[in-house]
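Student: So I've got this file, protein15.cif, and it contains mmCIF, C-alpha atoms:
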```cif
data_upload
loop_
_atom_site.label_atom_id
_atom_site.label_comp_id
_atom_site.auth_asym_id
_atom_site.auth_seq_id
_atom_site.Cartn_x
_atom_site.Cartn_y
_atom_site.Cartn_z
CA GLY A 125 -68.44 32.62 -98.22
CA GLU A 126 -65.00 31.98 -96.78
CA GLN A 127 -63.07 28.96 -97.99
CA VAL A 128 -62.00 28.24 -94.42
CA GLU A 129 -63.94 29.40 -91.39
CA GLN A 130 -62.19 29.40 -88.02
CA LEU A 131 -63.88 29.78 -84.65
CA PRO A 132 -63.68 31.18 -82.10
CA SER A 133 -61.79 34.34 -82.98
CA ILE A 134 -60.95 34.96 -79.32
CA LEU A 135 -60.44 32.27 -76.68
CA ARG A 136 -59.49 32.66 -73.04
CA VAL A 137 -58.87 29.63 -70.86
CA GLN A 138 -57.49 28.92 -67.42
CA GLU A 139 -54.00 27.46 -67.15
CA ARG A 140 -54.00 23.64 -67.25
CA SER A 141 -57.41 23.46 -68.91
CA SER A 142 -57.94 22.49 -72.56
CA ALA A 143 -58.41 24.83 -75.50
CA SER A 144 -60.21 23.87 -78.70
CA ILE A 145 -60.25 25.65 -82.04
CA ASN A 146 -62.50 24.56 -84.88
CA CYS A 147 -62.24 25.05 -88.61
CA THR A 148 -64.53 24.14 -91.45
CA TYR A 149 -63.64 24.12 -95.11
CA GLU A 150 -65.60 24.28 -98.36
CA ASN A 151 -63.56 22.32 -100.86
CA SER A 152 -64.01 18.58 -100.40
CA ALA A 153 -60.80 18.04 -102.39
CA SER A 154 -58.76 19.55 -99.54
CA ASN A 155 -56.25 16.99 -98.33
CA TYR A 156 -53.77 18.79 -96.12
CA PHE A 157 -54.61 20.73 -92.96
CA PRO A 158 -51.79 22.55 -91.16
CA TRP A 159 -52.00 24.57 -87.98
CA TYR A 160 -49.75 27.58 -87.37
CA LYS A 161 -48.90 29.36 -84.14
CA GLN A 162 -47.94 33.01 -84.31
CA GLU A 163 -46.49 34.72 -81.26
CA PRO A 164 -46.53 38.53 -81.03
CA GLY A 165 -44.02 40.06 -83.42
CA GLU A 166 -43.12 36.69 -84.91
CA ASN A 167 -43.98 34.91 -88.16
CA PRO A 168 -46.44 32.00 -88.19
CA LYS A 169 -44.79 28.66 -87.48
CA LEU A 170 -46.16 25.23 -88.31
CA ILE A 171 -46.94 23.33 -85.12
CA ILE A 172 -48.92 20.33 -86.30
CA ASP A 173 -50.63 19.14 -89.45
CA ILE A 174 -52.88 16.33 -90.58
CA ARG A 175 -53.38 14.76 -93.98
CA SER A 176 -56.62 13.44 -95.40
CA ASN A 177 -55.64 9.81 -94.85
CA MET A 178 -55.79 10.32 -91.08
CA GLU A 179 -58.52 11.17 -88.60
CA ARG A 180 -56.41 11.96 -85.56
CA LYS A 181 -52.86 13.07 -84.88
CA GLN A 182 -51.17 13.92 -81.62
CA ILE A 183 -47.86 15.58 -80.93
CA GLN A 184 -47.32 15.87 -77.18
CA GLY A 185 -50.13 18.15 -75.90
CA LEU A 186 -51.49 19.00 -79.36
CA ILE A 187 -54.28 16.93 -80.89
CA VAL A 188 -55.72 17.46 -84.35
CA LEU A 189 -58.95 15.79 -85.46
CA LEU A 190 -60.23 15.61 -89.01
CA ASP A 191 -63.81 14.79 -90.02
CA LYS A 192 -63.81 14.71 -93.82
CA LYS A 193 -67.50 13.97 -94.04
CA ALA A 194 -68.37 17.13 -92.12
CA LYS A 195 -65.46 19.03 -93.71
CA ARG A 196 -64.30 19.99 -90.27
CA PHE A 197 -60.99 19.85 -88.44
CA SER A 198 -59.96 20.98 -85.02
CA LEU A 199 -56.98 21.67 -82.80
CA HIS A 200 -57.06 20.74 -79.14
CA ILE A 201 -54.39 21.96 -76.78
CA THR A 202 -54.38 19.95 -73.57
CA ASP A 203 -52.96 21.14 -70.24
CA THR A 204 -52.53 24.70 -71.50
CA GLN A 205 -49.71 26.89 -70.25
CA PRO A 206 -49.25 30.67 -70.49
CA ALA A 207 -46.63 30.00 -73.19
CA ASP A 208 -49.44 28.66 -75.38
CA SER A 209 -50.89 32.18 -75.59
CA ALA A 210 -50.66 33.22 -79.24
CA MET A 211 -52.60 33.53 -82.48
CA TYR A 212 -53.43 30.21 -84.08
CA PHE A 213 -54.28 29.79 -87.76
CA CYS A 214 -55.74 26.79 -89.50
CA ALA A 215 -55.41 26.22 -93.22
CA ALA A 216 -56.79 23.84 -95.80
CA SER A 217 -55.02 22.91 -98.99
CA THR A 218 -55.92 20.88 -102.06
CA GLY A 219 -52.24 20.69 -102.90
CA TYR A 220 -49.84 22.86 -104.75
CA GLN A 221 -50.67 26.61 -104.70
CA ASN A 222 -54.06 26.08 -103.14
CA PHE A 223 -53.81 27.19 -99.55
CA TYR A 224 -56.64 28.87 -97.68
CA PHE A 225 -56.16 30.23 -94.20
CA GLY A 226 -58.68 30.77 -91.45
CA LYS A 227 -58.88 34.24 -89.89
CA GLY A 228 -57.12 33.15 -86.74
CA THR A 229 -57.88 32.56 -83.07
CA SER A 230 -56.31 34.68 -80.38
CA LEU A 231 -55.70 32.35 -77.43
CA THR A 232 -54.94 33.69 -73.98
CA VAL A 233 -54.07 31.27 -71.20
CA ILE A 234 -54.73 32.84 -67.82
CA PRO A 235 -52.34 31.83 -65.02
CA GLY B 50 -33.34 23.15 -94.05
CA GLY B 51 -33.46 26.60 -95.47
CA ILE B 52 -34.12 30.17 -94.58
CA ILE B 53 -36.39 32.97 -95.72
CA THR B 54 -35.10 36.51 -95.36
CA GLN B 55 -37.30 39.55 -95.60
CA THR B 56 -35.95 43.09 -95.87
CA PRO B 57 -36.43 45.54 -94.41
CA LYS B 58 -37.74 44.27 -91.09
CA PHE B 59 -39.38 47.65 -90.38
CA LEU B 60 -40.50 50.10 -93.06
CA ILE B 61 -41.79 53.58 -92.40
CA GLY B 62 -43.22 55.43 -95.35
CA GLN B 63 -45.06 58.59 -96.26
CA GLU B 64 -48.52 58.80 -97.77
CA GLY B 65 -48.38 58.33 -101.53
CA GLN B 66 -44.88 56.88 -101.47
CA LYS B 67 -43.90 53.83 -103.49
CA LEU B 68 -42.38 51.22 -101.20
CA THR B 69 -40.61 47.97 -102.06
CA LEU B 70 -40.32 44.90 -99.86
CA LYS B 71 -37.93 42.06 -100.64
CA CYS B 72 -37.95 38.36 -99.90
CA GLN B 73 -35.12 35.88 -100.44
CA GLN B 74 -35.22 32.11 -99.94
CA ASN B 75 -32.66 29.34 -100.20
CA PHE B 76 -35.09 26.42 -99.96
CA ASN B 77 -35.00 26.26 -103.76
CA HIS B 78 -38.82 26.23 -103.67
CA ASP B 79 -40.62 27.15 -106.87
CA THR B 80 -43.67 28.84 -105.38
CA MET B 81 -43.55 31.98 -103.30
CA TYR B 82 -46.31 34.08 -101.73
CA TRP B 83 -46.91 37.53 -100.34
CA TYR B 84 -49.54 37.88 -97.61
CA ARG B 85 -50.75 40.91 -95.74
CA GLN B 86 -51.68 40.61 -92.07
CA ASP B 87 -53.46 43.42 -90.30
CA SER B 88 -53.23 43.63 -86.53
CA GLY B 89 -54.96 40.67 -84.87
CA LYS B 90 -56.33 39.47 -88.19
CA GLY B 91 -55.78 36.62 -90.62
CA LEU B 92 -53.62 36.34 -93.70
CA ARG B 93 -54.76 37.78 -97.01
CA LEU B 94 -53.05 36.76 -100.22
CA ILE B 95 -51.66 39.61 -102.32
CA TYR B 96 -49.61 37.89 -105.02
CA TYR B 97 -47.99 34.56 -105.61
CA SER B 98 -45.53 33.20 -108.14
CA ILE B 99 -45.11 29.60 -109.24
CA THR B 100 -41.75 30.11 -110.90
CA GLU B 101 -39.27 32.73 -112.08
CA ASN B 102 -41.01 35.55 -114.01
CA ASP B 103 -44.46 34.24 -113.13
CA LEU B 104 -47.00 36.37 -111.24
CA GLN B 105 -50.49 35.46 -110.07
CA LYS B 106 -52.89 37.88 -108.37
CA GLY B 107 -54.40 37.08 -105.02
CA ASP B 108 -57.53 38.55 -103.45
CA LEU B 109 -55.75 41.74 -102.36
CA SER B 110 -53.59 42.58 -105.38
CA GLU B 111 -55.01 46.03 -106.05
CA GLY B 112 -52.53 48.68 -104.96
CA TYR B 113 -49.57 46.30 -105.24
CA ASP B 114 -47.09 45.14 -107.86
CA ALA B 115 -44.79 42.15 -107.60
CA SER B 116 -41.67 40.91 -109.32
CA ARG B 117 -40.05 37.46 -109.51
CA GLU B 118 -36.86 37.99 -111.46
CA LYS B 119 -35.05 35.07 -109.88
CA LYS B 120 -36.27 31.82 -108.36
CA SER B 121 -34.78 32.80 -105.02
CA SER B 122 -36.32 36.25 -104.73
CA PHE B 123 -39.80 37.73 -104.78
CA SER B 124 -40.38 41.48 -104.39
CA LEU B 125 -43.55 43.32 -103.50
CA THR B 126 -44.19 46.99 -104.22
CA VAL B 127 -46.81 49.10 -102.50
CA THR B 128 -47.64 51.45 -105.38
CA SER B 129 -49.00 54.29 -103.23
CA ALA B 130 -48.87 53.97 -99.45
CA GLN B 131 -52.09 54.89 -97.66
CA LYS B 132 -51.99 57.30 -94.72
CA ASN B 133 -52.09 55.61 -91.28
CA GLU B 134 -51.68 52.20 -92.88
CA MET B 135 -50.12 49.62 -90.56
CA ALA B 136 -49.66 45.99 -91.46
CA VAL B 137 -47.22 43.11 -91.52
CA PHE B 138 -46.28 41.66 -94.88
CA LEU B 139 -45.35 38.00 -94.79
CA CYS B 140 -43.47 36.19 -97.52
CA ALA B 141 -43.86 32.41 -97.73
CA THR B 142 -42.48 29.60 -99.85
CA GLU B 143 -44.09 26.30 -100.63
CA THR B 144 -42.59 22.86 -101.01
CA GLY B 145 -43.15 21.18 -104.34
CA GLY B 146 -45.44 18.26 -104.98
CA ALA B 147 -48.90 18.21 -106.46
CA ARG B 148 -50.47 16.27 -103.65
CA TYR B 149 -49.21 17.68 -100.37
CA ALA B 150 -47.54 21.04 -100.06
CA GLU B 151 -46.27 22.88 -96.99
CA GLN B 152 -45.75 26.59 -96.54
CA PHE B 153 -42.94 28.24 -94.63
CA PHE B 154 -43.08 31.86 -93.56
CA GLY B 155 -40.45 34.56 -93.42
CA PRO B 156 -40.09 36.86 -90.40
CA GLY B 157 -42.19 39.63 -91.93
CA THR B 158 -41.86 43.31 -92.80
CA ARG B 159 -43.75 45.69 -90.54
CA LEU B 160 -45.07 48.68 -92.47
CA THR B 161 -46.14 51.97 -90.91
CA VAL B 162 -47.30 54.86 -93.05
CA LEU B 163 -47.20 58.28 -91.45
#
```
Would you mind giving the structure from this file in C-alpha cells?
Tutor:
Amino acid sequence: GEQVEQLPSILRVQERSSASINCTYENSASNYFPWYKQEPGENPKLIIDIRSNMERKQIQGLIVLLDKKAKRFSLHITDTQPADSAMYFCAASTGYQNFYFGKGTSLTVIP
Amino acid sequence: GGIITQTPKFLIGQEGQKLTLKCQQNFNHDTMYWYRQDSGKGLRLIYYSITENDLQKGDLSEGYDASREKKSSFSLTVTSAQKNEMAVFLCATETGGARYAEQFFGPGTRLTVL
C-alpha cells in the first residue's frame, strides 16, 4: 500500500466555506508532516507543517490537526477564497531522507 | 535563504533522445531529490543524493540516470525519451538534521516529447 494516502483527490467548495483534506500514514515513526500548495505552473510551496510533539497548529486560516494514535493528519482551510484554488500535497517524514508524499488534492473554490 | 535553479525551464525532445536536466542550489544542503510529476498527479521519486558523488534510486529510477558531481548541483538524464511523454520534473533540497527535515522545491522543468 501507499506510505501516505491523501483524500479526497478532488474537492470543490463554495467561497467562504471550509475545505478539509485528510492524510493517513503507515510509519508510526513519522514525526514531521508538511503541507504544500502548488498553483498551476508553479512549484510546490510549504504552507504549514506540524511536528509530532503537537496536535494542532494554526496559521491564519490554515489549521493542521495530527492524531498520532490513528496515524492521521489533516489540513483545514477556513473561509476559503478563490485564491485558495490549487493542488495541495501532504507529506510524512521520519526525518532525514525519508519523505513520502500523498498523491495530492485538487481544490477548487467556487465564487 | 537560498535559491534552487532548474534549467531548462521548458524542454522539448524527440522520441528516443537523451535529455539532461540540471538543478543548482545555494542552500548548501547535502541532500537533493529529483521528482517526476505527471499532470494533476502526485510526486514520484526518481533519484536522490545524500552528498557529492552519492546516488540513491527512488521508485521511478528506471529510464533515468543521475549525477551529483558537486554538492551544489544534481543532474538528471532521461536516457530515452518516450513519445508523447509530458511531465514536470521537480528538483528539491532538504535541510540537514536527523530528526526534522524540510524540503524546498525548485521551479521545475516541463518536458514535452514529440
Student: Find the spatial neighbours of Ile187 in chain A, counting all atoms listed in the file, within a cut-off of 9 Å - ignore same-chain residues fewer than 5 positions away - and output them as a PDB file with C-alpha atoms, in the frame of the given file.
Tutor:
```pdb
ATOM      1  CA  ILE A 172     -48.920  20.330 -86.300  1.00  0.00           C
ATOM      2  CA  ARG A 180     -56.410  11.960 -85.560  1.00  0.00           C
ATOM      3  CA  LYS A 181     -52.860  13.070 -84.880  1.00  0.00           C
ATOM      4  CA  GLN A 182     -51.170  13.920 -81.620  1.00  0.00           C
ATOM      5  CA  SER A 198     -59.960  20.980 -85.020  1.00  0.00           C
ATOM      6  CA  LEU A 199     -56.980  21.670 -82.800  1.00  0.00           C
ATOM      7  CA  HIS A 200     -57.060  20.740 -79.140  1.00  0.00           C
ATOM      8  CA  ILE A 201     -54.390  21.960 -76.780  1.00  0.00           C
ATOM      9  CA  THR A 202     -54.380  19.950 -73.570  1.00  0.00           C
TER      10      THR A 202
END
```
Student: With a cut-off of 12 Å, could you pull out the residues of chain A touching chain B and give me the nearest pair of atoms for each, distance in Å to one decimal, using all atoms listed in the file, ordered by chain and ascending number, as a Markdown table?
Tutor:
```
| residue | atom | partner | partner_atom | distance |
| --- | --- | --- | --- | --- |
| A:Glu126 | CA | B:Arg93 | CA | 11.8 |
| A:Val128 | CA | B:Gly91 | CA | 11.1 |
| A:Glu129 | CA | B:Gly91 | CA | 10.9 |
| A:Gln130 | CA | B:Gly91 | CA | 10.0 |
| A:Ser133 | CA | B:Lys90 | CA | 9.1 |
| A:Ile134 | CA | B:Gly89 | CA | 10.0 |
| A:Ala153 | CA | B:Arg148 | CA | 10.6 |
| A:Ser154 | CA | B:Tyr149 | CA | 9.8 |
| A:Asn155 | CA | B:Tyr149 | CA | 7.4 |
| A:Tyr156 | CA | B:Tyr149 | CA | 6.3 |
| A:Phe157 | CA | B:Glu151 | CA | 9.5 |
| A:Pro158 | CA | B:Glu151 | CA | 8.0 |
| A:Trp159 | CA | B:Gln152 | CA | 10.8 |
| A:Tyr160 | CA | B:Phe153 | CA | 10.0 |
| A:Lys161 | CA | B:Phe154 | CA | 11.4 |
| A:Gln162 | CA | B:Gly89 | CA | 10.4 |
| A:Glu163 | CA | B:Gly89 | CA | 11.0 |
| A:Pro164 | CA | B:Gly89 | CA | 9.5 |
| A:Gly165 | CA | B:Pro156 | CA | 8.6 |
| A:Glu166 | CA | B:Pro156 | CA | 6.3 |
| A:Asn167 | CA | B:Pro156 | CA | 4.9 |
| A:Pro168 | CA | B:Phe154 | CA | 6.3 |
| A:Lys169 | CA | B:Phe154 | CA | 7.1 |
| A:Leu170 | CA | B:Phe153 | CA | 7.7 |
| A:Ile171 | CA | B:Phe153 | CA | 11.4 |
| A:Ile172 | CA | B:Glu151 | CA | 11.3 |
| A:Asp173 | CA | B:Glu151 | CA | 9.5 |
| A:Ile174 | CA | B:Tyr149 | CA | 10.5 |
| A:Arg175 | CA | B:Tyr149 | CA | 8.2 |
| A:Ser176 | CA | B:Tyr149 | CA | 9.9 |
| A:Asn177 | CA | B:Tyr149 | CA | 11.6 |
| A:Ala210 | CA | B:Gly89 | CA | 10.3 |
| A:Met211 | CA | B:Gly89 | CA | 7.9 |
| A:Tyr212 | CA | B:Gly91 | CA | 9.5 |
| A:Phe213 | CA | B:Gly91 | CA | 7.6 |
| A:Cys214 | CA | B:Gly91 | CA | 9.9 |
| A:Ala215 | CA | B:Gln152 | CA | 10.2 |
| A:Ala216 | CA | B:Ala150 | CA | 10.6 |
| A:Ser217 | CA | B:Ala150 | CA | 7.8 |
| A:Thr218 | CA | B:Arg148 | CA | 7.3 |
| A:Gly219 | CA | B:Arg148 | CA | 4.8 |
| A:Tyr220 | CA | B:Ala147 | CA | 5.0 |
| A:Gln221 | CA | B:Thr80 | CA | 7.4 |
| A:Asn222 | CA | B:Ala150 | CA | 8.8 |
| A:Phe223 | CA | B:Gln152 | CA | 8.6 |
| A:Tyr224 | CA | B:Leu92 | CA | 9.0 |
| A:Phe225 | CA | B:Leu92 | CA | 6.6 |
| A:Gly226 | CA | B:Gly91 | CA | 6.6 |
| A:Lys227 | CA | B:Gly91 | CA | 4.0 |
| A:Gly228 | CA | B:Gly91 | CA | 5.4 |
| A:Thr229 | CA | B:Lys90 | CA | 8.7 |
| A:Ser230 | CA | B:Gly89 | CA | 7.6 |
| A:Leu231 | CA | B:Gly89 | CA | 11.2 |
```
Student: List the neighbours of Val233 in chain A out to 7 Å using all atoms listed in the file; skip same-chain residues closer than 4 positions along the sequence, and give me the result as a PyMOL selection string.
Tutor: chain A and resi 136-139+204-206+208-209
Student: Could you please determine the separation between CA of Glu134 in chain B and CA of Tyr96 in chain B in Å, to one decimal place?
Tutor: 18.9 Å
Student: For the atom pair CA of Thr148 in chain A and CA of Leu104 in chain B, what is the interatomic distance in Å to one decimal place?
Tutor: 29.1 Å
Student: Step by step, work through what the PyMOL selection byres ((chain B and resi 67) around 12) selects in the shown file, and finish by giving those residues as a PDB file with C-alpha atoms, keeping the file's coordinate frame.
Tutor:
```pdb
ATOM      1  CA  LEU B  60     -40.500  50.100 -93.060  1.00  0.00           C
ATOM      2  CA  ILE B  61     -41.790  53.580 -92.400  1.00  0.00           C
ATOM      3  CA  GLY B  62     -43.220  55.430 -95.350  1.00  0.00           C
ATOM      4  CA  GLN B  63     -45.060  58.590 -96.260  1.00  0.00           C
ATOM      5  CA  GLU B  64     -48.520  58.800 -97.770  1.00  0.00           C
ATOM      6  CA  GLY B  65     -48.380  58.330-101.530  1.00  0.00           C
ATOM      7  CA  GLN B  66     -44.880  56.880-101.470  1.00  0.00           C
ATOM      8  CA  LEU B  68     -42.380  51.220-101.200  1.00  0.00           C
ATOM      9  CA  THR B  69     -40.610  47.970-102.060  1.00  0.00           C
ATOM     10  CA  LEU B  70     -40.320  44.900 -99.860  1.00  0.00           C
ATOM     11  CA  GLY B 112     -52.530  48.680-104.960  1.00  0.00           C
ATOM     12  CA  TYR B 113     -49.570  46.300-105.240  1.00  0.00           C
ATOM     13  CA  ASP B 114     -47.090  45.140-107.860  1.00  0.00           C
ATOM     14  CA  LEU B 125     -43.550  43.320-103.500  1.00  0.00           C
ATOM     15  CA  THR B 126     -44.190  46.990-104.220  1.00  0.00           C
ATOM     16  CA  VAL B 127     -46.810  49.100-102.500  1.00  0.00           C
ATOM     17  CA  THR B 128     -47.640  51.450-105.380  1.00  0.00           C
ATOM     18  CA  SER B 129     -49.000  54.290-103.230  1.00  0.00           C
ATOM     19  CA  ALA B 130     -48.870  53.970 -99.450  1.00  0.00           C
ATOM     20  CA  GLN B 131     -52.090  54.890 -97.660  1.00  0.00           C
ATOM     21  CA  VAL B 162     -47.300  54.860 -93.050  1.00  0.00           C
TER      22      VAL B 162
END
```
Student: With distances taken over all atoms listed in the file, which of B:Thr161, B:Ser116, B:Ser110, B:Gln73 is nearest to Gly51 in chain B?
Tutor: B:Gln73
Student: CA of Ile234 in chain A and CA of Cys147 in chain A are how many Å apart?
Tutor: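 Between CA of Ile234 in chain A and CA of Cys147 in chain A the gap is 23.4 Å.
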Student: What does range 197-224 of chain A look like written to a file with N, CA, C and O atoms, as a CSV table (one decimal), in the first residue's frame?
Tutor:
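Everything below was put into decode.csv:
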```csv
chain,number,residue,atom,x,y,z
A,197,PHE,N,-3.5,12.9,9.8
A,197,PHE,CA,-3.4,14.3,9.9
A,197,PHE,C,-4.2,15.0,8.8
A,197,PHE,O,-4.5,14.4,7.8
A,198,SER,N,-4.6,16.2,9.1
A,198,SER,CA,-5.5,16.9,8.2
A,198,SER,C,-5.2,18.4,8.1
A,198,SER,O,-4.7,19.0,9.0
A,199,LEU,N,-5.6,18.9,7.0
A,199,LEU,CA,-5.5,20.3,6.7
A,199,LEU,C,-6.9,20.9,6.6
A,199,LEU,O,-7.7,20.3,5.8
A,200,HIS,N,-7.2,22.0,7.3
A,200,HIS,CA,-8.5,22.6,7.2
A,200,HIS,C,-8.3,24.1,6.8
A,200,HIS,O,-7.5,24.8,7.4
A,201,ILE,N,-8.9,24.4,5.7
A,201,ILE,CA,-8.8,25.8,5.2
A,201,ILE,C,-10.1,26.5,5.5
A,201,ILE,O,-11.2,26.0,5.0
A,202,THR,N,-10.1,27.5,6.4
A,202,THR,CA,-11.4,28.1,6.8
A,202,THR,C,-11.6,29.3,5.9
A,202,THR,O,-10.6,29.9,5.3
A,203,ASP,N,-12.8,29.7,5.7
A,203,ASP,CA,-13.2,30.9,4.9
A,203,ASP,C,-12.5,30.9,3.6
A,203,ASP,O,-11.7,31.8,3.3
A,204,THR,N,-12.7,29.9,2.8
A,204,THR,CA,-11.9,29.8,1.6
A,204,THR,C,-12.2,30.9,0.6
A,204,THR,O,-13.3,31.5,0.5
A,205,GLN,N,-11.2,31.2,-0.2
A,205,GLN,CA,-11.3,32.2,-1.2
A,205,GLN,C,-10.9,31.6,-2.6
A,205,GLN,O,-10.1,30.6,-2.6
A,206,PRO,N,-11.3,32.2,-3.7
A,206,PRO,CA,-10.8,31.6,-5.0
A,206,PRO,C,-9.3,31.5,-5.1
A,206,PRO,O,-8.8,30.5,-5.7
A,207,ALA,N,-8.6,32.3,-4.4
A,207,ALA,CA,-7.1,32.2,-4.5
A,207,ALA,C,-6.6,31.0,-3.8
A,207,ALA,O,-5.4,30.6,-3.9
A,208,ASP,N,-7.4,30.3,-3.0
A,208,ASP,CA,-7.0,29.0,-2.4
A,208,ASP,C,-7.1,27.9,-3.4
A,208,ASP,O,-6.6,26.8,-3.0
A,209,SER,N,-7.6,28.1,-4.5
A,209,SER,CA,-7.7,27.0,-5.5
A,209,SER,C,-6.3,26.6,-6.0
A,209,SER,O,-5.5,27.5,-6.4
A,210,ALA,N,-6.0,25.3,-5.8
A,210,ALA,CA,-4.6,24.8,-6.1
A,210,ALA,C,-4.6,23.4,-5.9
A,210,ALA,O,-5.6,22.8,-5.4
A,211,MET,N,-3.5,22.7,-6.1
A,211,MET,CA,-3.2,21.4,-5.7
A,211,MET,C,-2.6,21.5,-4.3
A,211,MET,O,-1.7,22.3,-4.1
A,212,TYR,N,-3.0,20.6,-3.4
A,212,TYR,CA,-2.4,20.5,-2.1
A,212,TYR,C,-1.8,19.1,-1.9
A,212,TYR,O,-2.5,18.1,-2.2
A,213,PHE,N,-0.6,19.1,-1.3
A,213,PHE,CA,0.1,17.8,-1.1
A,213,PHE,C,0.4,17.7,0.4
A,213,PHE,O,0.9,18.7,1.0
A,214,CYS,N,0.1,16.6,1.0
A,214,CYS,CA,0.6,16.3,2.3
A,214,CYS,C,1.8,15.4,2.2
A,214,CYS,O,2.1,14.8,1.2
A,215,ALA,N,2.6,15.4,3.3
A,215,ALA,CA,3.8,14.5,3.3
A,215,ALA,C,4.0,14.1,4.7
A,215,ALA,O,3.6,14.8,5.7
A,216,ALA,N,4.6,12.9,4.9
A,216,ALA,CA,5.0,12.4,6.2
A,216,ALA,C,6.5,12.1,6.1
A,216,ALA,O,7.0,11.5,5.2
A,217,SER,N,7.2,12.4,7.2
A,217,SER,CA,8.7,12.2,7.2
A,217,SER,C,9.1,11.6,8.5
A,217,SER,O,8.6,12.0,9.6
A,218,THR,N,10.0,10.6,8.5
A,218,THR,CA,10.6,10.1,9.7
A,218,THR,C,11.9,10.8,10.0
A,218,THR,O,12.6,10.5,10.9
A,219,GLY,N,12.2,11.8,9.2
A,219,GLY,CA,13.5,12.5,9.4
A,219,GLY,C,14.2,12.6,8.0
A,219,GLY,O,13.7,12.3,7.0
A,220,TYR,N,15.5,12.7,8.2
A,220,TYR,CA,16.4,12.9,7.0
A,220,TYR,C,16.2,11.8,6.0
A,220,TYR,O,16.2,10.6,6.2
A,221,GLN,N,15.9,12.3,4.7
A,221,GLN,CA,15.8,11.4,3.5
A,221,GLN,C,14.7,10.4,3.6
A,221,GLN,O,14.7,9.4,2.9
A,222,ASN,N,13.7,10.7,4.4
A,222,ASN,CA,12.6,9.8,4.4
A,222,ASN,C,11.3,10.6,4.3
A,222,ASN,O,10.6,10.8,5.3
A,223,PHE,N,11.0,11.1,3.1
A,223,PHE,CA,9.8,11.9,2.9
A,223,PHE,C,8.9,11.1,2.0
A,223,PHE,O,9.3,10.5,1.0
A,224,TYR,N,7.6,11.0,2.3
A,224,TYR,CA,6.6,10.4,1.5
A,224,TYR,C,5.5,11.3,1.3
A,224,TYR,O,4.9,11.9,2.2
```
